[in-house]
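Just protein.tsv here, TSV, C-alpha atoms and all ligand atoms:
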```tsv
chain	number	residue	atom	x	y	z
D	1	MET	CA	16.53	65.67	24.67
D	2	SER	CA	14.53	64.79	21.60
D	3	THR	CA	13.06	67.50	19.41
D	4	ARG	CA	9.48	67.09	18.34
D	5	THR	CA	8.46	66.76	14.72
D	6	ILE	CA	5.64	69.00	13.55
D	7	THR	CA	3.67	67.83	10.52
D	8	GLY	CA	1.30	69.53	8.10
D	9	GLY	CA	-0.16	69.28	4.65
D	10	CYS	CA	-2.84	70.31	2.21
D	11	GLN	CA	-6.47	69.27	2.40
D	12	CYS	CA	-6.08	66.29	-0.01
D	13	GLY	CA	-2.69	65.15	1.33
D	14	ALA	CA	-0.73	65.51	-1.95
D	15	ILE	CA	1.59	68.07	-0.31
D	16	GLN	CA	3.00	67.27	3.12
D	17	TYR	CA	5.77	68.75	5.22
D	18	GLU	CA	7.67	68.16	8.43
D	19	ILE	CA	9.41	70.65	10.71
D	20	GLU	CA	11.79	69.71	13.53
D	21	GLY	CA	11.56	71.65	16.76
D	22	ASP	CA	9.44	74.57	17.86
D	23	LEU	CA	7.56	76.99	15.66
D	24	PRO	CA	8.10	80.77	15.61
D	25	PRO	CA	5.18	83.00	16.72
D	26	ALA	CA	2.11	83.33	14.51
D	27	TYR	CA	0.10	86.37	13.45
D	28	CYS	CA	-3.17	87.14	11.68
D	29	CYS	CA	-3.71	89.43	8.71
D	30	HIS	CA	-7.15	90.83	7.90
D	31	CYS	CA	-6.29	92.56	4.60
D	32	GLY	CA	-8.20	92.05	1.35
D	33	GLU	CA	-5.38	89.96	-0.18
D	34	CYS	CA	-5.44	87.59	2.79
D	35	LYS	CA	-9.22	87.26	2.56
D	36	LYS	CA	-8.76	86.14	-1.06
D	37	GLN	CA	-5.86	83.76	-0.47
D	38	SER	CA	-7.51	82.11	2.54
D	39	ALA	CA	-11.02	82.26	1.00
D	40	SER	CA	-12.07	83.31	4.50
D	41	ALA	CA	-12.17	86.27	6.90
D	42	PHE	CA	-8.41	86.47	7.56
D	43	SER	CA	-5.18	84.53	7.22
D	44	MET	CA	-3.05	83.12	10.03
D	45	SER	CA	0.62	82.63	9.24
D	46	LEU	CA	4.01	82.30	10.82
D	47	GLY	CA	7.33	83.41	9.44
D	48	ILE	CA	9.85	80.57	9.22
D	49	ALA	CA	13.15	79.71	7.55
D	50	PHE	CA	12.11	77.67	4.51
D	51	SER	CA	15.05	75.28	4.94
D	52	ARG	CA	13.37	74.02	8.12
D	53	LEU	CA	10.62	72.42	6.02
D	54	THR	CA	11.01	68.92	4.60
D	55	VAL	CA	8.44	68.87	1.81
D	56	LYS	CA	6.85	65.85	0.10
D	57	GLY	CA	4.98	66.59	-3.13
D	58	GLU	CA	5.32	69.34	-5.74
D	59	PRO	CA	3.30	72.45	-4.99
D	60	ALA	CA	2.20	74.80	-7.75
D	61	MET	CA	3.21	78.47	-7.54
D	62	PHE	CA	2.08	81.84	-8.75
D	63	GLU	CA	3.62	85.26	-8.23
D	64	THR	CA	2.09	88.41	-6.88
D	65	PHE	CA	3.39	91.44	-4.98
D	66	GLY	CA	3.34	92.19	-1.25
D	67	PHE	CA	2.44	95.65	0.07
D	68	SER	CA	6.19	96.32	0.25
D	69	GLY	CA	6.39	95.93	-3.53
D	70	ALA	CA	8.52	92.78	-3.20
D	71	VAL	CA	7.63	89.74	-5.30
D	72	LYS	CA	5.67	87.20	-3.30
D	73	ARG	CA	5.68	83.57	-4.49
D	74	CYS	CA	2.54	81.76	-3.38
D	75	TYR	CA	2.68	77.96	-3.18
D	76	PHE	CA	-0.46	75.83	-3.24
D	77	CYS	CA	-1.63	72.29	-3.94
D	78	ARG	CA	-2.58	71.90	-7.59
D	79	SER	CA	-5.07	69.14	-6.70
D	80	CYS	CA	-7.07	70.65	-3.84
D	81	GLY	CA	-6.04	74.32	-4.01
D	82	THR	CA	-4.90	74.67	-0.39
D	83	ARG	CA	-2.51	77.62	0.03
D	84	MET	CA	0.58	76.28	1.83
D	85	TRP	CA	3.21	79.01	2.18
D	86	HIS	CA	4.59	82.16	0.60
D	87	ARG	CA	8.21	82.96	-0.15
D	88	SER	CA	9.60	86.41	-0.58
D	89	GLY	CA	11.39	87.39	-3.80
D	90	HIS	CA	13.97	89.41	-1.88
D	91	ASN	CA	14.82	86.57	0.54
D	92	PRO	CA	13.78	83.09	-0.69
D	93	GLU	CA	14.90	81.58	2.63
D	94	PHE	CA	12.12	83.48	4.37
D	95	ALA	CA	8.68	81.86	4.12
D	96	THR	CA	5.30	82.48	5.70
D	97	LEU	CA	3.63	79.18	6.49
D	98	LYS	CA	-0.16	78.99	6.69
D	99	VAL	CA	-1.07	77.90	10.22
D	100	GLY	CA	-4.23	76.15	8.98
D	101	THR	CA	-2.08	73.60	7.12
D	102	LEU	CA	-0.60	72.24	10.38
D	103	ASP	CA	-1.98	68.82	11.33
D	104	ASP	CA	-2.21	70.03	14.92
D	105	GLY	CA	-2.31	73.80	15.28
D	106	GLU	CA	-4.03	73.62	18.64
D	107	GLY	CA	-2.81	76.18	21.14
D	108	ILE	CA	-1.23	78.49	18.54
D	109	ALA	CA	-2.52	82.00	19.24
D	110	PRO	CA	-1.66	85.08	17.16
D	111	SER	CA	1.00	87.31	18.66
D	112	PHE	CA	-0.25	90.30	16.64
D	113	HIS	CA	-2.89	91.31	14.11
D	114	LEU	CA	-2.32	93.22	10.86
D	115	TRP	CA	-4.82	95.30	8.85
D	116	VAL	CA	-7.58	95.32	11.48
D	117	SER	CA	-9.02	98.34	9.59
D	118	LYS	CA	-10.22	95.71	7.07
D	119	LYS	CA	-11.41	93.22	9.69
D	120	GLN	CA	-14.55	91.23	8.89
D	121	ALA	CA	-17.62	92.29	10.92
D	122	GLY	CA	-18.21	90.12	14.00
D	123	ILE	CA	-14.61	88.91	14.40
D	124	MET	CA	-13.62	89.76	17.97
D	125	LEU	CA	-9.95	90.14	18.89
D	126	ASP	CA	-8.23	89.68	22.24
D	127	PRO	CA	-7.62	93.29	23.42
D	128	ALA	CA	-4.34	92.17	25.03
D	129	VAL	CA	-2.85	91.29	21.61
D	130	PRO	CA	-1.24	94.11	19.56
D	131	ALA	CA	-3.34	95.09	16.55
D	132	TYR	CA	-2.20	97.34	13.70
D	133	ASP	CA	-4.68	99.35	11.61
D	134	THR	CA	-2.52	98.53	8.59
D	135	GLN	CA	0.95	97.08	9.02
D	136	PRO	CA	4.14	98.31	10.67
D	137	GLU	CA	6.71	99.97	8.43
D	138	ASN	CA	9.31	97.33	9.32
D	139	LEU	CA	7.04	94.29	8.83
D	140	LEU	CA	9.46	92.38	6.61
D	141	GLU	CA	12.26	92.85	9.09
D	142	LEU	CA	10.01	92.05	12.05
D	143	ARG	CA	8.85	88.78	10.53
D	144	GLU	CA	12.33	87.77	9.44
D	145	ARG	CA	13.59	88.38	12.95
D	146	MET	CA	10.79	86.16	14.32
D	147	ALA	CA	11.68	83.50	11.74
D	148	GLY	CA	15.40	83.71	12.47
D	149	THR	CA	16.25	84.44	8.82
D	150	LYS	CA	17.63	87.91	9.56
L	1	ZN	ZN	-3.96	68.94	-1.89
L	2	ZN	ZN	-2.81	90.29	4.51
```
Can you dump the structure from the file as C-alpha cells?
Ligand SMILES: [Zn+2]
Ligand SMILES: [Zn+2]
Amino acid sequence: MSTRTITGGCQCGAIQYEIEGDLPPAYCCHCGECKKQSASAFSMSLGIAFSRLTVKGEPAMFETFGFSGAVKRCYFCRSCGTRMWHRSGHNPEFATLKVGTLDDGEGIAPSFHLWVSKKQAGIMLDPAVPAYDTQPENLLELRERMAGTK
C-alpha cells in the first residue's frame, strides 16, 4: 500500500512542505489573536508532529505567548507574509499547521471550534460540531493527543 504525499506552501511558493500519510483532525479558532494572524475572521489549523513535515525554504519566525502562557513560535514566509505553522515552546515537536497553506485542503472540516464567544458576525457553524465559548482547560493536551506527540 502506498501512502499519499500531501503538499502545501505559502502564497508566493518560497516555503513549501510535504507530509506523508494522513492528516490529523483540524479545528477552527475564532479568538482575537487568530483573527490577527490569519488577517481574517478565524484560523483553521491542525495539530501535527513537526517531524512529519519536509520543509523547503527558510521561514521567518517571531515569538508570542499562547493563552496557556507557553511561548508560541510563529513561522511565516518573509517574502509574502503567509503564516505557515506555530510551534510550542514547551514541546517543539508539536506544531499547529495552517490548513489554508495546504495545496488541496478540500474536504477538511473542523472537528471543533474554539472561542466562538469572539466569532465574527455572520459566520454560521454546523450545530453538530462541538463549539467552545473559550477553550477547554486541557487544550494543549487535547491537541497533542490528536497530533500523536503526546
Ligand atoms: Zn511566500
Ligand atoms: Zn485563536
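Here atom CA of D:Phe50 stands at a distance of 5.2 Å from atom CA of D:Glu93.
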Open item on the list: Hey, which residues sit close to ligand ZN 1 (chain L)? Say within 10 Å, counting only C-alpha atoms and all ligand atoms, and write them as a list in words.
Closed with: Gly9, Cys10, Gln11, Cys12, Gly13, Ala14, Ile15, Gln16, Gly57, Pro59, Phe76, Cys77, Arg78, Ser79, Cys80, Gly81, Thr82, Arg83 and Met84 of chain D
Open item on the list: Counting all atoms listed in the file, what are the residues, protein, DNA or RNA alike, that approach ligand ZN 2 (chain L) to within 6 Å? I want them as a list in words.
Closed with: Cys29, His30, Cys31, Glu33 and Cys34 of chain D
Mind listing as a PDB file with C-alpha atoms, in the frame of the given file all residues within 12 Å of (15.2, 75.1, 4.7), counting all atoms listed in the file?
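Saved to result.pdb:
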```
ATOM      1  CA  TYR D  17       5.770  68.750   5.220  1.00  0.00           C
ATOM      2  CA  GLU D  18       7.670  68.160   8.430  1.00  0.00           C
ATOM      3  CA  ILE D  19       9.410  70.650  10.710  1.00  0.00           C
ATOM      4  CA  GLU D  20      11.790  69.710  13.530  1.00  0.00           C
ATOM      5  CA  ILE D  48       9.850  80.570   9.220  1.00  0.00           C
ATOM      6  CA  ALA D  49      13.150  79.710   7.550  1.00  0.00           C
ATOM      7  CA  PHE D  50      12.110  77.670   4.510  1.00  0.00           C
ATOM      8  CA  SER D  51      15.050  75.280   4.940  1.00  0.00           C
ATOM      9  CA  ARG D  52      13.370  74.020   8.120  1.00  0.00           C
ATOM     10  CA  LEU D  53      10.620  72.420   6.020  1.00  0.00           C
ATOM     11  CA  THR D  54      11.010  68.920   4.600  1.00  0.00           C
ATOM     12  CA  VAL D  55       8.440  68.870   1.810  1.00  0.00           C
ATOM     13  CA  ARG D  87       8.210  82.960  -0.150  1.00  0.00           C
ATOM     14  CA  PRO D  92      13.780  83.090  -0.690  1.00  0.00           C
ATOM     15  CA  GLU D  93      14.900  81.580   2.630  1.00  0.00           C
ATOM     16  CA  PHE D  94      12.120  83.480   4.370  1.00  0.00           C
ATOM     17  CA  ALA D  95       8.680  81.860   4.120  1.00  0.00           C
ATOM     18  CA  ALA D 147      11.680  83.500  11.740  1.00  0.00           C
ATOM     19  CA  GLY D 148      15.400  83.710  12.470  1.00  0.00           C
ATOM     20  CA  THR D 149      16.250  84.440   8.820  1.00  0.00           C
TER      21      THR D 149
END
```
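Here the question is which of D:Met61, D:Met44, D:Tyr27, D:Thr5 gets nearest to D:Thr101 using only C-alpha atoms, and that residue is D:Met44.
Here atom CA of D:Pro25 is placed at a distance of 8.0 Å from atom CA of D:Ile108.
In terms of minimum interatomic distance to D:Ala131, D:Lys119 ranks closest within D:His86, D:Arg145, D:Lys36, D:Lys119, counting only C-alpha atoms.
Pairwise distance (atom CA of D:Lys118, atom CA of D:Thr96) equals 20.4 Å.
For the residues D:Asn91, D:Thr134, D:Gln37, D:Ser45, ranking by smallest atom-to-atom distance to D:Gly105 using all atoms listed in the file places D:Ser45 first.
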Each side padded by 8 Å, which centre and which edge lengths in Å (one decimal) define the axis-aligned box around the listed atoms of stretch 91-94 of chain D? Give them as lines of an AutoDock Vina configuration file.
```
center_x = 13.5
center_y = 84.1
center_z = 1.8
size_x = 18.8
size_y = 21.0
size_z = 21.1
```
Open item on the list: Env of D:Tyr132: 9 Å cut, atoms = all atoms listed in the file, seq-sep filter 6 positions within chain, self excluded. Answer as a ChimeraX atom specification.
Closed with: /D:112-117
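Distances to D:Ser43 were evaluated for D:Ala60, D:Val129, D:Val99, D:Cys74 using all atoms listed in the file, and the minimum falls at D:Val99.
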